[in-house]
Amino acid sequence: MPKAKVTQLAPQSIPLIANLRLYRAILREISYHFDSFARKVLSGYARRSFESHKDVVNLEYLNECEKKGRKFHSVFVRANVGEPKSSLKVLRWTYGRTGKRGRELLQSITTAEREPPLIPGDSRTAYPKILPALEALCAAQPSRVKSLYPAIPETNIHGEAFSKNREANMRRTAYREALRKVYPPTPDEEFIRLEKLVMGEIDEPLRERRPRPEHVYSDKAVARREEILFQTDAHHITKQYKRRLYAQVLAESPRLFQDENGKWIVEFSRVGRGLEPIEGAEEEFDDLEEPKPGMVDTRKQERSKIVRNVRAANM
């Protein structure tokens with residue numbers, strides 16, 4: 001009898017399958033986040049990122065992407081059980097206070113144009129052109145941006161005229177540092193949404209996790225989630241807890257607009273100024289945030305489930 005033909009996976013398809021599992025795990029965690037806007041924005045970023053890398057065959061590069069994906073997954077696992085630092089990081093990604101979306105929001109007030117070269121004919125001495133909107137945004141945040149215009153000395157330490165090449169380098173460095181540190185402008189609709197979230201006018205319910213079959217616990221992504229939860233300082237995700245998180249994000253969200261004379265105005269909201277900020281893992285909950293009678297402690301429930309699974313595996 002002829003031998004049965006055994007189908008083997010190509011070596012390059014193995015990391016793709018592993019990354020597909022990680023991709024699904026990331027989307028699953030995003031789907032449980034308490035902010036609907038975060039679910040919409042970040043799932044789109046995750047989907048586009050995976051699609052842009054699905055044809056990559058460089059294993060070394062794929063491994064680096066997988067490490068970044070695991071970190072991204074870890075942040076969402078921690079945020080979904082109320083770890084303050086991760087919760088705040090997810091909201092900052094969502095509303096463009098940091099990360100890729102923040103860079104996209106800055107594109108509307110930056111340009112690829114450059115000032116004329118300091119040395120005529122030498123393009124290396126050209127530096128970025130600063131638009132009035134960016135100048136106004138940086139001027140309104142002196143604690144984060146020292147200056148878009150560095151102090152250029154007239155002479156060097158030898159008493160000679162200061163080098164034009166060094167001057168161009170200093171101007172480019174100041175520009176890059178300003179873009180790295182400045183809070184991007186917040187779209188009006190998101191600015192209003194954040195104010196309503198801080199005031200409690202919008203309170204989105206938490207999404208319950210769907211029950212999973214027992215055999216799914218062999219999946220690496222699920223096992224990794226359980227491992228992360230062992231090391232996570234979880235908290236109850238209450239309305240007051242979410243308001244304090246949103247207040248921190250709103251405090252980092254300037255509104256940029258032009259007045260009737262065409263002058264750029266930067267405005268920060270005063271809503272939520274009285275709410276105490278959440279400081280990472282040192283967060284302590286007050287009486288308002290204690291679980292109500294009958295409320296399930298999510299952290300204890302998750303850890304009890306993990307202990308049962310570990311004991312069952314060792315029997």
# chains A, B, ... in the order shown; residues from 1 in each chain; ligands from 1

$ residues_around --residues "segment 125-128 of chain A" --least-positions-apart "2" --cutoff "6 Å" --atoms "only C-alpha atoms" --output "list in words"
Arg114, Glu115, Pro116, Pro117, Leu118, Asp122, Ser123, Asn165, Ala168 and Arg172 of chain A

$ residues_around --residues "Gly96 of chain A" --least-positions-apart "4" --cutoff "9 Å" --atoms "only C-alpha atoms" --output "number ranges by chain"
A: 91-92, 100-105, 183-186, 253

$ write_last_selection --atoms "C-alpha atoms" --output "JSON list (two decimals), in the first residue's frame"
[["chain", "number", "residue", "atom", "x", "y", "z"],
["A", 91, "LEU", "CA", -6.52, 55.77, 27.65],
["A", 92, "ARG", "CA", -3.50, 57.87, 26.66],
["A", 100, "LYS", "CA", 1.01, 56.61, 17.15],
["A", 101, "ARG", "CA", -2.30, 58.46, 17.39],
["A", 102, "GLY", "CA", -0.59, 61.34, 19.17],
["A", 103, "ARG", "CA", 1.85, 61.67, 16.27],
["A", 104, "GLU", "CA", -1.06, 61.63, 13.84],
["A", 105, "LEU", "CA", -2.80, 64.47, 15.70],
["A", 183, "TYR", "CA", 0.61, 67.24, 24.29],
["A", 184, "PRO", "CA", -1.10, 67.07, 20.86],
["A", 185, "PRO", "CA", -4.30, 69.06, 20.24],
["A", 186, "THR", "CA", -7.50, 67.17, 21.06],
["A", 253, "SER", "CA", -5.73, 67.31, 26.47]]

$ residues_around --residues "segment 269-271 of chain A" --least-positions-apart "5" --cutoff "10 Å" --atoms "only C-alpha atoms" --output "list of chain:residue names"
A:Phe191, A:Ile192, A:Leu194, A:Glu195, A:Lys196, A:Val198, A:Met199, A:Ala247, A:Leu250, A:Ala251, A:Glu252, A:Ser253, A:Pro254, A:Arg255

$ closest_atom_pairs --of "segment 141-224 of chain A" --to "segment 18-40 of chain A" --cutoff "7 Å" --atoms "only C-alpha atoms" --output "Markdown table"
| residue | atom | partner | partner_atom | distance |
| --- | --- | --- | --- | --- |
| A:Glu204 | CA | A:Phe34 | CA | 6.8 |
| A:Pro205 | CA | A:Phe34 | CA | 6.9 |
| A:Leu206 | CA | A:Phe34 | CA | 5.3 |
| A:Arg207 | CA | A:Tyr32 | CA | 5.6 |
| A:Arg209 | CA | A:Tyr32 | CA | 7.0 |
| A:Ala221 | CA | A:Ala25 | CA | 6.1 |

$ write_last_selection --atoms "N, CA and C atoms" --output "PDB file, in the first residue's frame"
ATOM      1  N   GLU A 204     -20.144  54.147  30.838  1.00  0.00           N
ATOM      2  CA  GLU A 204     -20.325  52.927  30.071  1.00  0.00           C
ATOM      3  C   GLU A 204     -20.169  51.703  30.972  1.00  0.00           C
ATOM      4  N   PRO A 205     -21.083  50.745  30.886  1.00  0.00           N
ATOM      5  CA  PRO A 205     -20.996  49.555  31.746  1.00  0.00           C
ATOM      6  C   PRO A 205     -19.811  48.675  31.383  1.00  0.00           C
ATOM      7  N   LEU A 206     -19.324  47.952  32.368  1.00  0.00           N
ATOM      8  CA  LEU A 206     -18.237  47.009  32.121  1.00  0.00           C
ATOM      9  C   LEU A 206     -18.761  45.829  31.309  1.00  0.00           C
ATOM     10  N   ARG A 207     -17.894  45.270  30.501  1.00  0.00           N
ATOM     11  CA  ARG A 207     -18.268  44.122  29.676  1.00  0.00           C
ATOM     12  C   ARG A 207     -17.818  42.840  30.384  1.00  0.00           C
ATOM     13  N   ARG A 209     -16.757  39.011  30.820  1.00  0.00           N
ATOM     14  CA  ARG A 209     -16.003  38.067  29.994  1.00  0.00           C
ATOM     15  C   ARG A 209     -16.873  36.859  29.673  1.00  0.00           C
ATOM     16  N   ALA A 221      -1.966  31.843  24.757  1.00  0.00           N
ATOM     17  CA  ALA A 221      -2.369  33.208  25.093  1.00  0.00           C
ATOM     18  C   ALA A 221      -3.137  33.248  26.405  1.00  0.00           C
TER      19      ALA A 221
END

$ closest_atom_pairs --of "segment 82-161 of chain A" --to "segment 73-78 of chain A" --cutoff "9 Å" --atoms "only C-alpha atoms" --output "JSON lines"
{"residue": "A:Gly82", "atom": "CA", "partner": "A:Arg78", "partner_atom": "CA", "distance": 6.5}
{"residue": "A:Glu83", "atom": "CA", "partner": "A:Arg78", "partner_atom": "CA", "distance": 5.3}
{"residue": "A:Pro84", "atom": "CA", "partner": "A:Arg78", "partner_atom": "CA", "distance": 8.5}
{"residue": "A:Lys85", "atom": "CA", "partner": "A:Arg78", "partner_atom": "CA", "distance": 8.6}
{"residue": "A:Ser86", "atom": "CA", "partner": "A:Val75", "partner_atom": "CA", "distance": 5.4}
{"residue": "A:Ser87", "atom": "CA", "partner": "A:Arg78", "partner_atom": "CA", "distance": 7.4}
{"residue": "A:Lys89", "atom": "CA", "partner": "A:Val75", "partner_atom": "CA", "distance": 7.9}
{"residue": "A:Val90", "atom": "CA", "partner": "A:Phe76", "partner_atom": "CA", "distance": 7.3}

$ write_last_selection --atoms "C-alpha atoms" --output "mmCIF file, in the first residue's frame"
data_model
loop_
_atom_site.group_PDB
_atom_site.id
_atom_site.type_symbol
_atom_site.label_atom_id
_atom_site.label_comp_id
_atom_site.auth_asym_id
_atom_site.auth_seq_id
_atom_site.Cartn_x
_atom_site.Cartn_y
_atom_site.Cartn_z
ATOM 1 C CA GLY A 82 -7.982 47.676 36.952
ATOM 2 C CA GLU A 83 -4.199 48.062 37.208
ATOM 3 C CA PRO A 84 -3.886 51.898 37.326
ATOM 4 C CA LYS A 85 -0.697 52.357 35.318
ATOM 5 C CA SER A 86 -1.872 50.175 32.437
ATOM 6 C CA SER A 87 -5.390 51.634 32.512
ATOM 7 C CA LYS A 89 -1.622 54.006 29.375
ATOM 8 C CA VAL A 90 -4.498 52.559 27.328
#

$ select_by_dssp --residues "segment 73-240 of chain A" --states "strand (DSSP E or B)" --output "list in words"
Arg114, Pro128, Thr155 and Ala161 of chain A

$ write_last_selection --atoms "C-alpha atoms" --output "PDB file, in the first residue's frame"
ATOM      1  CA  ARG A 114      11.984  73.811   5.815  1.00  0.00           C
ATOM      2  CA  PRO A 128      12.072  72.628  10.092  1.00  0.00           C
ATOM      3  CA  THR A 155      30.706  82.785  19.341  1.00  0.00           C
ATOM      4  CA  ALA A 161      31.798  82.871  14.980  1.00  0.00           C
TER       5      ALA A 161
END

$ select_by_dssp --residues "segment 11-112 of chain A" --states "alpha helix (DSSP H)" --output "VMD selection string"
chain A and resid 13 to 30 36 to 53 59 to 80 84 to 94 99 to 106

$ atom_distance --atom1 "atom CA of Glu201 of chain A" --atom2 "atom CA of Gly44 of chain A"
26.5 Å

$ residues_around --residues "Glu177 of chain A" --least-positions-apart "6" --cutoff "12 Å" --atoms "only C-alpha atoms" --output "number ranges by chain"
A: 138, 144-150, 170-171, 183

$ write_last_selection --atoms "N, CA, C and O atoms" --output "PDB file, in the first residue's frame"
ATOM      1  N   CYS A 138       2.963  74.906  22.009  1.00  0.00           N
ATOM      2  CA  CYS A 138       4.137  74.732  22.863  1.00  0.00           C
ATOM      3  C   CYS A 138       4.233  75.835  23.918  1.00  0.00           C
ATOM      4  O   CYS A 138       4.623  75.584  25.058  1.00  0.00           O
ATOM      5  N   ARG A 144       6.429  71.445  29.927  1.00  0.00           N
ATOM      6  CA  ARG A 144       6.839  70.312  29.109  1.00  0.00           C
ATOM      7  C   ARG A 144       7.785  70.721  27.988  1.00  0.00           C
ATOM      8  O   ARG A 144       8.692  69.965  27.637  1.00  0.00           O
ATOM      9  N   VAL A 145       7.571  71.890  27.420  1.00  0.00           N
ATOM     10  CA  VAL A 145       8.403  72.363  26.301  1.00  0.00           C
ATOM     11  C   VAL A 145       9.104  73.647  26.736  1.00  0.00           C
ATOM     12  O   VAL A 145       8.450  74.664  26.973  1.00  0.00           O
ATOM     13  N   LYS A 146      10.410  73.591  26.854  1.00  0.00           N
ATOM     14  CA  LYS A 146      11.160  74.778  27.273  1.00  0.00           C
ATOM     15  C   LYS A 146      11.093  75.868  26.210  1.00  0.00           C
ATOM     16  O   LYS A 146      10.743  77.002  26.491  1.00  0.00           O
ATOM     17  N   SER A 147      11.453  75.515  24.994  1.00  0.00           N
ATOM     18  CA  SER A 147      11.409  76.502  23.922  1.00  0.00           C
ATOM     19  C   SER A 147      11.588  75.809  22.579  1.00  0.00           C
ATOM     20  O   SER A 147      12.326  74.828  22.458  1.00  0.00           O
ATOM     21  N   LEU A 148      10.859  76.335  21.585  1.00  0.00           N
ATOM     22  CA  LEU A 148      11.063  75.868  20.218  1.00  0.00           C
ATOM     23  C   LEU A 148      12.283  76.517  19.587  1.00  0.00           C
ATOM     24  O   LEU A 148      12.793  76.043  18.570  1.00  0.00           O
ATOM     25  N   TYR A 149      12.722  77.607  20.199  1.00  0.00           N
ATOM     26  CA  TYR A 149      13.837  78.370  19.641  1.00  0.00           C
ATOM     27  C   TYR A 149      15.000  78.344  20.631  1.00  0.00           C
ATOM     28  O   TYR A 149      14.983  79.049  21.634  1.00  0.00           O
ATOM     29  N   PRO A 150      16.011  77.505  20.388  1.00  0.00           N
ATOM     30  CA  PRO A 150      17.128  77.414  21.322  1.00  0.00           C
ATOM     31  C   PRO A 150      17.969  78.688  21.303  1.00  0.00           C
ATOM     32  O   PRO A 150      18.004  79.419  20.309  1.00  0.00           O
ATOM     33  N   MET A 170      21.167  72.367  16.435  1.00  0.00           N
ATOM     34  CA  MET A 170      20.483  72.769  17.664  1.00  0.00           C
ATOM     35  C   MET A 170      19.014  73.075  17.401  1.00  0.00           C
ATOM     36  O   MET A 170      18.134  72.720  18.194  1.00  0.00           O
ATOM     37  N   ARG A 171      18.722  73.713  16.292  1.00  0.00           N
ATOM     38  CA  ARG A 171      17.327  74.032  15.971  1.00  0.00           C
ATOM     39  C   ARG A 171      16.533  72.758  15.661  1.00  0.00           C
ATOM     40  O   ARG A 171      15.373  72.634  16.065  1.00  0.00           O
ATOM     41  N   TYR A 183       1.877  67.956  24.398  1.00  0.00           N
ATOM     42  CA  TYR A 183       0.612  67.240  24.287  1.00  0.00           C
ATOM     43  C   TYR A 183      -0.073  67.663  22.990  1.00  0.00           C
ATOM     44  O   TYR A 183      -0.297  68.855  22.765  1.00  0.00           O
TER      45      TYR A 183
END

$ closest_residue --among "A:Ser52, A:Asn80, A:Thr98, A:Ser163" --to "Glu208 of chain A" --atoms "only C-alpha atoms"
A:Asn80

$ residues_around --residues "Ile130 of chain A" --least-positions-apart "3" --cutoff "9 Å" --atoms "only C-alpha atoms" --output "list of chain:residue names"
A:Ile109, A:Thr110, A:Thr111, A:Glu113, A:Arg114, A:Glu115, A:Ala133, A:Leu134, A:Glu135, A:Leu148, A:Tyr175

$ write_last_selection --atoms "N, CA and C atoms" --output "mmCIF file, in the first residue's frame"
data_model
loop_
_atom_site.group_PDB
_atom_site.id
_atom_site.type_symbol
_atom_site.label_atom_id
_atom_site.label_comp_id
_atom_site.auth_asym_id
_atom_site.auth_seq_id
_atom_site.Cartn_x
_atom_site.Cartn_y
_atom_site.Cartn_z
ATOM 1 N N ILE A 109 -0.627 70.265 12.540
ATOM 2 C CA ILE A 109 -0.003 71.548 12.893
ATOM 3 C C ILE A 109 1.499 71.533 12.617
ATOM 4 N N THR A 110 1.958 70.570 11.819
ATOM 5 C CA THR A 110 3.361 70.518 11.405
ATOM 6 C C THR A 110 3.417 70.468 9.876
ATOM 7 N N THR A 111 4.571 70.710 9.342
ATOM 8 C CA THR A 111 4.754 70.706 7.895
ATOM 9 C C THR A 111 6.110 70.127 7.539
ATOM 10 N N GLU A 113 7.833 71.394 5.190
ATOM 11 C CA GLU A 113 8.620 72.500 4.655
ATOM 12 C C GLU A 113 9.770 72.850 5.602
ATOM 13 N N ARG A 114 10.821 73.420 5.020
ATOM 14 C CA ARG A 114 11.984 73.811 5.815
ATOM 15 C C ARG A 114 12.318 75.270 5.558
ATOM 16 N N GLU A 115 12.974 75.865 6.538
ATOM 17 C CA GLU A 115 13.450 77.235 6.393
ATOM 18 C C GLU A 115 14.628 77.250 5.411
ATOM 19 N N ALA A 133 0.422 77.545 14.762
ATOM 20 C CA ALA A 133 -0.386 76.687 15.636
ATOM 21 C C ALA A 133 0.507 75.884 16.580
ATOM 22 N N LEU A 134 1.592 75.336 16.069
ATOM 23 C CA LEU A 134 2.519 74.580 16.908
ATOM 24 C C LEU A 134 3.194 75.501 17.920
ATOM 25 N N GLU A 135 3.540 76.703 17.505
ATOM 26 C CA GLU A 135 4.173 77.662 18.407
ATOM 27 C C GLU A 135 3.243 78.006 19.576
ATOM 28 N N LEU A 148 10.859 76.335 21.585
ATOM 29 C CA LEU A 148 11.063 75.868 20.218
ATOM 30 C C LEU A 148 12.283 76.517 19.587
ATOM 31 N N TYR A 175 13.381 71.224 17.924
ATOM 32 C CA TYR A 175 12.108 70.925 17.255
ATOM 33 C C TYR A 175 11.661 69.495 17.554
#
